[in-house]
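The next block is start-v1.json, given as JSON, C-alpha atoms.
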```json
[["chain", "number", "residue", "atom", "x", "y", "z"],
["A", 139, "MET", "CA", 91.36, 118.64, 119.99],
["A", 140, "GLU", "CA", 93.10, 116.25, 122.32],
["A", 141, "GLU", "CA", 96.65, 117.14, 123.24],
["A", 142, "ARG", "CA", 99.30, 115.07, 124.87],
["A", 143, "LEU", "CA", 102.64, 115.94, 126.38],
["A", 144, "GLU", "CA", 105.69, 114.20, 124.97],
["A", 145, "GLY", "CA", 108.75, 115.34, 126.83],
["A", 146, "HIS", "CA", 108.69, 119.12, 126.49],
["A", 147, "GLN", "CA", 106.48, 119.00, 123.46],
["A", 148, "VAL", "CA", 102.70, 119.27, 123.29],
["A", 149, "VAL", "CA", 101.40, 117.16, 120.44],
["A", 150, "GLN", "CA", 97.96, 117.69, 118.93],
["A", 151, "VAL", "CA", 96.25, 114.34, 118.49],
["A", 152, "ARG", "CA", 94.56, 114.95, 115.15],
["A", 153, "PHE", "CA", 93.75, 111.28, 114.57],
["A", 154, "PRO", "CA", 92.62, 109.85, 117.92],
["A", 155, "ASP", "CA", 91.02, 106.80, 116.32],
["A", 156, "ASP", "CA", 94.31, 105.76, 114.71],
["A", 157, "LEU", "CA", 96.11, 106.37, 118.00],
["A", 158, "ASP", "CA", 93.58, 104.24, 119.83],
["A", 159, "VAL", "CA", 94.12, 101.38, 117.37],
["A", 160, "ALA", "CA", 97.90, 101.62, 117.77],
["A", 161, "GLU", "CA", 97.74, 101.68, 121.58],
["A", 162, "ARG", "CA", 95.32, 98.75, 121.75],
["A", 163, "ALA", "CA", 97.46, 96.79, 119.31],
["A", 164, "LEU", "CA", 100.48, 97.33, 121.55],
["A", 165, "GLU", "CA", 98.46, 96.08, 124.50],
["A", 166, "GLY", "CA", 97.74, 92.84, 122.67],
["A", 167, "ASP", "CA", 94.27, 93.52, 121.26],
["A", 168, "THR", "CA", 94.17, 91.16, 118.29],
["A", 169, "ASP", "CA", 91.52, 93.11, 116.36],
["A", 170, "ALA", "CA", 93.57, 96.28, 116.66],
["A", 171, "ALA", "CA", 96.74, 94.42, 115.68],
["A", 172, "GLU", "CA", 94.96, 93.10, 112.59],
["A", 173, "ARG", "CA", 93.96, 96.63, 111.63],
["A", 174, "VAL", "CA", 97.57, 97.73, 111.87],
["A", 175, "ALA", "CA", 98.60, 94.69, 109.82],
["A", 176, "GLU", "CA", 96.04, 95.65, 107.17],
["A", 177, "VAL", "CA", 97.71, 99.02, 106.81],
["A", 178, "LEU", "CA", 101.06, 97.32, 106.37],
["A", 179, "ARG", "CA", 99.72, 94.71, 103.95],
["A", 180, "ASN", "CA", 98.10, 97.35, 101.74],
["A", 181, "PRO", "CA", 99.92, 97.14, 98.38],
["A", 182, "ALA", "CA", 99.66, 100.92, 98.17],
["A", 183, "LEU", "CA", 102.51, 101.19, 100.68],
["A", 184, "VAL", "CA", 104.94, 99.20, 98.52],
["A", 185, "SER", "CA", 103.74, 101.05, 95.41],
["A", 186, "TRP", "CA", 104.27, 104.38, 97.13],
["A", 187, "LEU", "CA", 107.88, 103.50, 97.98],
["A", 188, "VAL", "CA", 108.61, 102.22, 94.48],
["A", 189, "LYS", "CA", 107.18, 105.38, 92.97],
["A", 190, "ARG", "CA", 109.59, 107.35, 95.17],
["A", 191, "GLY", "CA", 112.64, 105.46, 93.97],
["A", 192, "ALA", "CA", 112.80, 102.17, 95.88],
["A", 193, "THR", "CA", 113.33, 98.96, 93.97],
["A", 194, "GLY", "CA", 110.62, 96.36, 94.40],
["A", 195, "THR", "CA", 112.90, 94.32, 96.64],
["A", 196, "GLU", "CA", 113.83, 97.31, 98.78],
["A", 197, "ALA", "CA", 110.19, 98.28, 99.17],
["A", 198, "HIS", "CA", 109.09, 94.79, 100.22],
["A", 199, "ASP", "CA", 112.04, 94.46, 102.61],
["A", 200, "LEU", "CA", 111.29, 97.82, 104.21],
["A", 201, "VAL", "CA", 107.63, 96.96, 104.73],
["A", 202, "GLY", "CA", 108.67, 93.60, 106.15],
["A", 203, "ASP", "CA", 110.91, 95.38, 108.62],
["A", 204, "LEU", "CA", 108.03, 97.65, 109.58],
["A", 205, "PHE", "CA", 105.94, 94.60, 110.44],
["A", 206, "THR", "CA", 108.70, 93.28, 112.67],
["A", 207, "ASP", "CA", 109.47, 96.59, 114.31],
["A", 208, "CYS", "CA", 105.87, 97.63, 114.92],
["A", 209, "PHE", "CA", 105.32, 94.78, 117.32],
["A", 210, "GLY", "CA", 108.65, 93.09, 117.83],
["A", 211, "GLY", "CA", 110.65, 96.21, 118.52],
["A", 212, "GLU", "CA", 113.90, 97.51, 117.09],
["A", 213, "LYS", "CA", 117.17, 97.52, 118.92],
["A", 214, "VAL", "CA", 118.10, 101.07, 119.71],
["A", 215, "LYS", "CA", 121.32, 101.44, 121.66],
["A", 216, "GLY", "CA", 120.79, 98.36, 123.77],
["A", 217, "GLY", "CA", 117.08, 98.89, 124.39],
["A", 218, "MET", "CA", 114.03, 97.59, 122.63],
["A", 219, "HIS", "CA", 111.47, 100.06, 121.33],
["A", 220, "ARG", "CA", 108.38, 99.05, 119.50],
["A", 221, "LEU", "CA", 107.94, 101.26, 116.49],
["A", 222, "LEU", "CA", 104.20, 101.49, 117.01],
["A", 223, "GLY", "CA", 104.87, 103.07, 120.41],
["A", 224, "LYS", "CA", 106.34, 106.10, 118.65],
["A", 225, "PHE", "CA", 103.09, 106.88, 116.88],
["A", 226, "ASN", "CA", 101.37, 109.83, 118.57],
["A", 227, "GLY", "CA", 98.23, 110.41, 116.50],
["A", 228, "ALA", "CA", 99.47, 113.73, 115.07],
["A", 229, "CYS", "CA", 99.09, 112.26, 111.58],
["A", 230, "ARG", "CA", 97.34, 109.23, 110.15],
["A", 231, "LEU", "CA", 98.87, 105.83, 110.98],
["A", 232, "ASP", "CA", 99.48, 105.04, 107.31],
["A", 233, "SER", "CA", 101.25, 108.39, 106.88],
["A", 234, "PHE", "CA", 103.41, 107.65, 109.92],
["A", 235, "LEU", "CA", 104.44, 104.24, 108.61],
["A", 236, "ARG", "CA", 105.04, 105.61, 105.12],
["A", 237, "ARG", "CA", 107.26, 108.28, 106.59],
["A", 238, "VAL", "CA", 109.26, 105.78, 108.65],
["A", 239, "ALA", "CA", 109.72, 103.65, 105.53],
["A", 240, "LEU", "CA", 110.89, 106.63, 103.50],
["A", 241, "ASN", "CA", 113.33, 107.66, 106.21],
["A", 242, "ARG", "CA", 114.78, 104.17, 106.21],
["A", 243, "LEU", "CA", 114.90, 104.06, 102.41],
["A", 244, "ILE", "CA", 116.90, 107.30, 102.31],
["A", 245, "SER", "CA", 119.31, 105.99, 104.96],
["A", 246, "LEU", "CA", 119.65, 102.71, 103.09],
["A", 247, "LYS", "CA", 120.40, 104.37, 99.77],
["A", 248, "ARG", "CA", 122.92, 106.77, 101.29],
["A", 249, "LYS", "CA", 124.81, 103.98, 103.02],
["A", 250, "ALA", "CA", 125.00, 102.11, 99.72],
["A", 251, "ARG", "CA", 126.60, 104.97, 97.81],
["A", 252, "PRO", "CA", 129.81, 103.80, 96.05],
["A", 253, "SER", "CA", 133.26, 105.26, 96.68],
["A", 254, "VAL", "CA", 136.24, 105.59, 94.33],
["A", 255, "SER", "CA", 139.84, 105.01, 95.38],
["A", 256, "LEU", "CA", 142.21, 107.99, 95.57],
["A", 257, "ASP", "CA", 144.83, 105.83, 93.83],
["A", 258, "GLU", "CA", 143.03, 105.81, 90.53],
["A", 259, "GLU", "CA", 144.64, 107.64, 87.65],
["A", 260, "PRO", "CA", 142.87, 110.75, 86.37],
["A", 261, "ASP", "CA", 140.65, 110.09, 83.39],
["A", 262, "GLU", "CA", 141.54, 111.14, 79.82],
["A", 263, "ASP", "CA", 140.16, 114.61, 80.48],
["A", 264, "GLY", "CA", 142.68, 115.00, 83.28],
["A", 265, "CYS", "CA", 139.98, 114.99, 85.93],
["A", 266, "SER", "CA", 140.55, 113.12, 89.13],
["A", 267, "PRO", "CA", 137.81, 110.77, 90.17],
["A", 268, "VAL", "CA", 135.27, 112.26, 92.53],
["A", 269, "ILE", "CA", 135.42, 110.65, 95.94],
["A", 270, "LEU", "CA", 131.91, 109.95, 97.14],
["A", 271, "ALA", "CA", 130.90, 109.03, 100.66],
["A", 272, "ALA", "CA", 131.11, 105.30, 101.18],
["A", 273, "GLY", "CA", 128.75, 103.93, 103.79],
["A", 274, "ALA", "CA", 128.75, 107.27, 105.56],
["A", 275, "GLU", "CA", 126.96, 107.13, 108.87],
["A", 276, "VAL", "CA", 123.67, 108.96, 108.85],
["A", 277, "GLN", "CA", 123.84, 111.55, 111.61],
["A", 278, "SER", "CA", 120.23, 112.55, 112.13],
["A", 279, "GLU", "CA", 117.62, 110.22, 113.54],
["A", 280, "ASP", "CA", 115.18, 111.66, 111.04],
["A", 281, "VAL", "CA", 117.03, 112.09, 107.77],
["A", 282, "LEU", "CA", 113.80, 113.19, 106.13],
["A", 283, "ILE", "CA", 113.60, 116.34, 108.27],
["A", 284, "ASP", "CA", 117.22, 117.12, 107.40],
["A", 285, "LEU", "CA", 116.55, 116.56, 103.70],
["A", 286, "LEU", "CA", 113.41, 118.70, 103.64],
["A", 287, "ARG", "CA", 114.90, 121.43, 105.80],
["A", 288, "ASP", "CA", 118.17, 121.62, 103.84],
["A", 289, "ALA", "CA", 116.29, 121.85, 100.54],
["A", 290, "VAL", "CA", 114.00, 124.59, 101.85],
["A", 291, "MET", "CA", 116.81, 126.53, 103.52],
["A", 292, "LYS", "CA", 119.05, 126.46, 100.45],
["A", 293, "ALA", "CA", 116.22, 127.48, 98.16],
["A", 294, "PHE", "CA", 115.20, 130.32, 100.44],
["A", 295, "ALA", "CA", 118.80, 131.55, 100.60],
["A", 296, "GLU", "CA", 118.99, 131.72, 96.80],
["A", 297, "VAL", "CA", 115.70, 133.43, 95.90],
["A", 298, "ASP", "CA", 115.07, 137.16, 95.61],
["A", 299, "GLN", "CA", 115.29, 138.35, 99.21],
["A", 300, "GLU", "CA", 112.84, 141.23, 98.77],
["A", 301, "GLN", "CA", 110.24, 138.76, 97.50],
["A", 302, "LEU", "CA", 111.06, 136.64, 100.53],
["A", 303, "VAL", "CA", 110.37, 139.55, 102.88],
["A", 304, "LEU", "CA", 106.98, 139.98, 101.21],
["A", 305, "PHE", "CA", 106.36, 136.25, 101.59],
["A", 306, "ARG", "CA", 107.14, 136.24, 105.30],
["A", 307, "LEU", "CA", 105.06, 139.32, 105.98],
["A", 308, "ALA", "CA", 102.14, 137.87, 104.03],
["A", 309, "HIS", "CA", 102.25, 134.30, 105.28],
["A", 310, "SER", "CA", 104.06, 134.23, 108.61],
["A", 311, "TYR", "CA", 102.53, 137.47, 109.84],
["A", 312, "ARG", "CA", 99.27, 137.45, 107.85],
["A", 313, "ILE", "CA", 99.55, 140.97, 106.46],
["A", 314, "LEU", "CA", 97.09, 141.49, 103.62],
["A", 315, "GLN", "CA", 98.50, 141.83, 100.12],
["A", 316, "GLN", "CA", 96.70, 145.14, 99.67],
["A", 317, "ASP", "CA", 98.46, 146.49, 102.78],
["A", 318, "LEU", "CA", 101.79, 145.21, 101.50],
["A", 319, "GLY", "CA", 101.02, 146.92, 98.21],
["A", 320, "MET", "CA", 100.47, 150.19, 100.01],
["A", 321, "MET", "CA", 103.78, 149.77, 101.90],
["A", 322, "TRP", "CA", 105.70, 148.89, 98.75],
["A", 323, "GLY", "CA", 103.99, 151.45, 96.54],
["A", 324, "TRP", "CA", 102.69, 148.60, 94.37],
["A", 325, "HIS", "CA", 99.26, 147.69, 93.10],
["A", 326, "PRO", "CA", 98.11, 144.54, 94.98],
["A", 327, "SER", "CA", 98.29, 142.61, 91.72],
["A", 328, "LYS", "CA", 102.01, 143.35, 91.53],
["A", 329, "VAL", "CA", 102.41, 141.94, 95.07],
["A", 330, "SER", "CA", 100.49, 138.85, 93.96],
["A", 331, "ARG", "CA", 102.69, 138.47, 90.86],
["A", 332, "ALA", "CA", 105.85, 138.79, 92.95],
["A", 333, "LEU", "CA", 104.64, 136.08, 95.33],
["A", 334, "GLY", "CA", 103.61, 133.92, 92.39],
["A", 335, "ALA", "CA", 107.08, 134.27, 90.85],
["A", 336, "LEU", "CA", 108.62, 133.43, 94.21],
["A", 337, "ILE", "CA", 106.70, 130.19, 94.64],
["A", 338, "LEU", "CA", 107.72, 129.07, 91.14],
["A", 339, "ASP", "CA", 111.34, 129.90, 91.86],
["A", 340, "LEU", "CA", 111.22, 128.14, 95.24],
["A", 341, "ARG", "CA", 109.60, 125.09, 93.73],
["A", 342, "GLY", "CA", 112.31, 124.76, 91.08],
["A", 343, "LYS", "CA", 115.16, 125.28, 93.49],
["A", 344, "ILE", "CA", 113.75, 122.93, 96.13],
["A", 345, "LEU", "CA", 113.24, 120.11, 93.63],
["A", 346, "ASP", "CA", 116.74, 120.73, 92.20],
["A", 347, "GLU", "CA", 118.23, 120.50, 95.68],
["A", 348, "LEU", "CA", 116.35, 117.29, 96.46],
["A", 349, "ARG", "CA", 117.64, 115.74, 93.23],
["A", 350, "ARG", "CA", 121.17, 116.90, 93.99],
["A", 351, "ALA", "CA", 121.10, 115.42, 97.50],
["A", 352, "ASP", "CA", 119.54, 112.09, 96.54],
["A", 353, "PRO", "CA", 119.39, 111.64, 92.76],
["A", 354, "TRP", "CA", 117.52, 108.32, 93.05],
["A", 355, "LEU", "CA", 114.67, 109.88, 95.11],
["A", 356, "GLU", "CA", 111.63, 110.70, 93.03],
["A", 357, "LEU", "CA", 109.58, 113.28, 94.87],
["A", 358, "GLU", "CA", 107.04, 115.42, 93.09],
["A", 359, "TRP", "CA", 106.19, 118.87, 94.41],
["A", 360, "GLU", "CA", 102.95, 117.58, 95.95],
["A", 361, "ASP", "CA", 104.91, 114.81, 97.75],
["A", 362, "PHE", "CA", 107.32, 117.39, 99.10],
["A", 363, "LEU", "CA", 104.54, 119.61, 100.43],
["A", 364, "GLU", "CA", 102.74, 116.66, 101.99],
["A", 365, "LEU", "CA", 105.93, 115.58, 103.77],
["A", 366, "CYS", "CA", 106.55, 119.14, 105.01],
["A", 367, "ALA", "CA", 103.00, 119.40, 106.29],
["A", 368, "GLU", "CA", 103.23, 116.02, 108.04],
["A", 369, "THR", "CA", 106.58, 116.97, 109.56],
["A", 370, "THR", "CA", 105.12, 120.17, 110.96],
["A", 371, "ASP", "CA", 102.12, 118.22, 112.32],
["A", 372, "LEU", "CA", 104.26, 115.49, 113.83],
["A", 373, "PHE", "CA", 106.58, 117.89, 115.60],
["A", 374, "ASP", "CA", 104.06, 120.69, 116.24],
["A", 375, "TYR", "CA", 104.72, 122.64, 119.35],
["B", 49, "MET", "CA", 99.26, 135.85, 90.09],
["B", 50, "THR", "CA", 98.92, 133.58, 93.10],
["B", 51, "THR", "CA", 96.18, 130.99, 92.99],
["B", 52, "GLU", "CA", 94.45, 129.39, 95.95],
["B", 53, "SER", "CA", 96.75, 126.39, 95.52],
["B", 54, "ASP", "CA", 99.76, 128.72, 95.66],
["B", 55, "GLN", "CA", 98.35, 130.16, 98.88],
["B", 56, "ASP", "CA", 98.18, 126.65, 100.37],
["B", 57, "ASP", "CA", 101.74, 125.91, 99.20],
["B", 58, "PHE", "CA", 102.95, 129.12, 100.80],
["B", 59, "ARG", "CA", 101.20, 128.32, 104.04],
["B", 60, "ILE", "CA", 102.81, 124.87, 104.26],
["B", 61, "LEU", "CA", 106.29, 126.23, 103.49],
["B", 62, "ALA", "CA", 105.83, 129.12, 105.93],
["B", 63, "ASP", "CA", 104.71, 126.79, 108.72],
["B", 64, "PHE", "CA", 107.58, 124.38, 108.01],
["B", 65, "LEU", "CA", 110.12, 127.18, 107.88],
["B", 66, "ASP", "CA", 108.82, 128.71, 111.08],
["B", 67, "ALA", "CA", 109.05, 125.33, 112.81],
["B", 68, "PHE", "CA", 112.39, 124.13, 111.47],
["B", 69, "GLY", "CA", 114.12, 126.84, 109.53],
["B", 70, "THR", "CA", 114.11, 130.11, 111.44],
["B", 71, "ALA", "CA", 116.64, 129.07, 114.05],
["B", 72, "ALA", "CA", 118.91, 127.61, 111.40],
["B", 73, "GLN", "CA", 118.65, 130.79, 109.35],
["B", 74, "GLY", "CA", 120.21, 132.58, 112.27],
["B", 75, "HIS", "CA", 117.42, 135.10, 112.71],
["B", 76, "ALA", "CA", 118.94, 137.27, 115.37],
["B", 77, "ARG", "CA", 116.81, 139.17, 117.78],
["B", 78, "SER", "CA", 118.39, 142.47, 118.56],
["B", 79, "GLU", "CA", 116.93, 145.75, 119.64],
["B", 80, "LEU", "CA", 116.23, 148.21, 116.91],
["B", 81, "LYS", "CA", 118.03, 151.51, 116.84],
["B", 82, "ASP", "CA", 115.88, 154.63, 116.69],
["B", 83, "GLU", "CA", 117.03, 155.29, 113.14],
["B", 84, "GLU", "CA", 116.00, 151.76, 112.10],
["B", 85, "LYS", "CA", 112.58, 152.19, 113.71],
["B", 86, "ALA", "CA", 112.10, 155.45, 111.89],
["B", 87, "ARG", "CA", 112.91, 153.84, 108.54],
["B", 88, "LEU", "CA", 110.64, 150.89, 109.25],
["B", 89, "ASP", "CA", 107.86, 153.32, 110.20],
["B", 90, "ARG", "CA", 108.28, 154.99, 106.83],
["B", 91, "LEU", "CA", 108.14, 151.58, 105.15],
["B", 92, "VAL", "CA", 104.82, 150.82, 106.83],
["B", 93, "ARG", "CA", 103.45, 154.22, 105.75],
["B", 94, "GLY", "CA", 104.59, 153.59, 102.19],
["B", 95, "ASP", "CA", 106.95, 156.57, 102.29],
["B", 96, "LEU", "CA", 110.10, 154.87, 101.00],
["B", 97, "GLU", "CA", 111.53, 154.99, 97.50],
["B", 98, "ASP", "CA", 112.43, 151.65, 95.86],
["B", 99, "GLU", "CA", 116.12, 151.90, 96.69],
["B", 100, "GLU", "CA", 115.47, 152.90, 100.32],
["B", 101, "ARG", "CA", 113.08, 149.96, 100.68],
["B", 102, "ARG", "CA", 115.61, 147.50, 99.21],
["B", 103, "GLU", "CA", 118.22, 148.73, 101.68],
["B", 104, "LEU", "CA", 115.94, 147.57, 104.51],
["B", 105, "VAL", "CA", 115.73, 143.99, 103.19],
["B", 106, "PRO", "CA", 118.84, 142.69, 105.03],
["B", 107, "LEU", "CA", 117.57, 144.15, 108.32],
["B", 108, "LEU", "CA", 114.17, 142.51, 107.84],
["B", 109, "MET", "CA", 115.69, 139.19, 106.80],
["B", 110, "HIS", "CA", 118.19, 138.91, 109.64],
["B", 111, "ASN", "CA", 116.49, 140.57, 112.61],
["B", 112, "GLU", "CA", 113.15, 139.06, 113.56],
["B", 113, "VAL", "CA", 112.47, 142.08, 115.79],
["B", 114, "ALA", "CA", 112.40, 144.25, 112.66],
["B", 115, "MET", "CA", 109.90, 141.92, 110.99],
["B", 116, "GLU", "CA", 107.72, 141.91, 114.10],
["B", 117, "PHE", "CA", 107.91, 145.71, 114.31],
["B", 118, "VAL", "CA", 106.63, 146.08, 110.75],
["B", 119, "ALA", "CA", 103.94, 143.47, 111.26],
["B", 120, "GLU", "CA", 102.64, 145.08, 114.45],
["B", 121, "LYS", "CA", 102.50, 148.50, 112.84],
["B", 122, "ALA", "CA", 100.86, 147.19, 109.69],
["B", 123, "LEU", "CA", 98.27, 145.12, 111.53],
["B", 124, "GLY", "CA", 97.57, 147.91, 113.97],
["B", 125, "GLN", "CA", 96.69, 150.34, 111.21]]
```
Write out the structure in this file as structure tokens.
Amino acid sequence: MEERLEGHQVVQVRFPDDLDVAERALEGDTDAAERVAEVLRNPALVSWLVKRGATGTEAHDLVGDLFTDCFGGEKVKGGMHRLLGKFNGACRLDSFLRRVALNRLISLKRKARPSVSLDEEPDEDGCSPVILAAGAEVQSEDVLIDLLRDAVMKAFAEVDQEQLVLFRLAHSYRILQQDLGMMWGWHPSKVSRALGALILDLRGKILDELRRADPWLELEWEDFLELCAETTDLFDY
Amino acid sequence: MTTESDQDDFRILADFLDAFGTAAQGHARSELKDEEKARLDRLVRGDLEDEERRELVPLLMHNEVAMEFVAEKALGQ
């Protein structure tokens, strides 16, 4: 598999054909540019955003911005960077653009969160109004990584830690469940049940945390996993 | 019981956590004391009672060297 160096990071180019199209489009190849435009014009992109919580208007505006930024560039601290130049072939081009759109949607929604004045009287239950962030600046360049990571980290901190040890030994270190069973004094089926219970618990907690962080965002478990997998691919080193 | 789909889910979460979570979890790397190595050896041999095994969980969760020690012993068997 082709690899390329980006800064200190070695990126695996899993989709060289998509990368070739993007690079030729940036160089002015009209056929390649049309192929990129086809990806952007695909109604599936707008539908995907709407299904994840964007309004129709937001989705169309975001895709419109992608068109502009792919070729026309976006102003980033005084410079001009064409969005398409950030694509590195580690994932499919449509996945990359979808991810950029979702990142921007999250940022957009967070900036639009309402705030309530401190001067308001407590309500009839005697509760003071909750002060929510108003137009808070998004700190991370990739809010999606922060969102995914925070959800995973919080869920992992709350689950049964012994089950988590089993999980890490099984999946990060590739120790067979039968060997873990021997170590734990358990039948392998009990190890399997413990890991099964853990994944259900993690799933529930991760989705709860995503809903807490961004209640408007509608991500199913499969969406979440796909985004995690893409994130790992994009930033693989 | 874990299904093949569960296995895939685990793999994705494990890879993501290894890439983005481990540093944030504050997994220290500190040398193991002889007494800790002895207990971990007994874990790998399956010689620990339930309570003794649970007492090792914090060490395994917060010191990556302990996790690596167990993995090397288990895989070398």
Interface residues on chain A facing chain B, 7 Å, all atoms listed in the file, written as a PyMOL selection string: chain A and resi 287+291+299-300+303+307+309-311+313+320-323+330-331+333-334+363+366-367+370
Using all atoms of range 305-323 of chain A that appear in the file, construct an axis-aligned enclosing box with 8 Å of padding on every side and provide its centre coordinates and edge lengths in Å, rounded to one decimal, as JSON.
```
{"center_x": 101.9, "center_y": 142.8, "center_z": 103.2, "size_x": 26.4, "size_y": 33.2, "size_z": 29.3}
```
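Residue neighbourhood of range 169-182 of chain A, excluding near-sequence residues (fewer than 2 positions): Val159, Ala160, Arg162, Ala163, Asp167, Val184, Ser185, Trp186, Val201, Phe205 and Asp232 of chain A, at 7 Å, using all atoms listed in the file.
You will find CA of Leu222 in chain A at 7.7 Å from CA of Asp207 in chain A.
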Nearest residue to Leu348 in chain A from the set A:Glu368, A:Arg237, A:Trp324, A:Asp288 (distances using only C-alpha atoms): A:Asp288
Please list as a PDB file with C-alpha atoms, in the coordinates of the input every residue within 12 Å of Arg350 in chain A, counting all atoms listed in the file and excluding residues in the same chain fewer than 6 positions away.
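The new file selection-v2.pdb reads:
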```pdb
ATOM      1  CA  LEU A 285     116.550 116.560 103.700  1.00  0.00           C
ATOM      2  CA  ASP A 288     118.170 121.620 103.840  1.00  0.00           C
ATOM      3  CA  ALA A 289     116.290 121.850 100.540  1.00  0.00           C
ATOM      4  CA  LYS A 292     119.050 126.460 100.450  1.00  0.00           C
ATOM      5  CA  LYS A 343     115.160 125.280  93.490  1.00  0.00           C
ATOM      6  CA  ILE A 344     113.750 122.930  96.130  1.00  0.00           C
ATOM      7  CA  GLU A 356     111.630 110.700  93.030  1.00  0.00           C
TER       8      GLU A 356
END
```
Select, counting all atoms listed in the file, all protein, DNA and RNA residues no farther than 9 Å from (99.1, 113.3, 111.8) in file coordinates, and express the selection as a CSV table (one decimal) with C-alpha atoms, in the coordinates of the input.
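Result file follows (part23.csv):
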```csv
chain,number,residue,atom,x,y,z
A,150,GLN,CA,98.0,117.7,118.9
A,151,VAL,CA,96.2,114.3,118.5
A,152,ARG,CA,94.6,115.0,115.2
A,153,PHE,CA,93.8,111.3,114.6
A,226,ASN,CA,101.4,109.8,118.6
A,227,GLY,CA,98.2,110.4,116.5
A,228,ALA,CA,99.5,113.7,115.1
A,229,CYS,CA,99.1,112.3,111.6
A,230,ARG,CA,97.3,109.2,110.2
A,231,LEU,CA,98.9,105.8,111.0
A,233,SER,CA,101.2,108.4,106.9
A,234,PHE,CA,103.4,107.6,109.9
A,368,GLU,CA,103.2,116.0,108.0
A,369,THR,CA,106.6,117.0,109.6
A,371,ASP,CA,102.1,118.2,112.3
A,372,LEU,CA,104.3,115.5,113.8
```
Pairwise distance for CA of Arg251 in chain A and CA of Leu204 in chain A, rounded to one decimal in Å: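 Atom-to-atom, CA of Arg251 in chain A to CA of Leu204 in chain A, that is 23.2 Å.
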Separation of CA of Asp298 in chain A from CA of Arg341 in chain A, in Å and rounded to one decimal: 13.4 Å
I want to know what sits within 7 Å of Leu80 in chain B, based on all atoms listed in the file, with residues of the same chain fewer than 4 positions away left out; could you give that as a compact mmCIF listing (two decimals) with C-alpha atoms, keeping the file's coordinate frame?
```txt
# COMPACT_ATOMS: atom_id res chain seq x y z
CA GLU B 84 116.00 151.76 112.10
CA LYS B 85 112.58 152.19 113.71
CA ALA B 114 112.40 144.25 112.66
```
Counting only C-alpha atoms, the residue of A:Leu200, A:Leu318, A:Asp158, A:Gly210 that sits nearest Lys121 in chain B: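 Closest residue, counting only C-alpha atoms: A:Leu318.
Counting only C-alpha atoms and comparing A:Gly202, A:Gly191, A:Gly166, A:Gly319, the residue that lies closest to Leu235 in chain A is A:Gly202.
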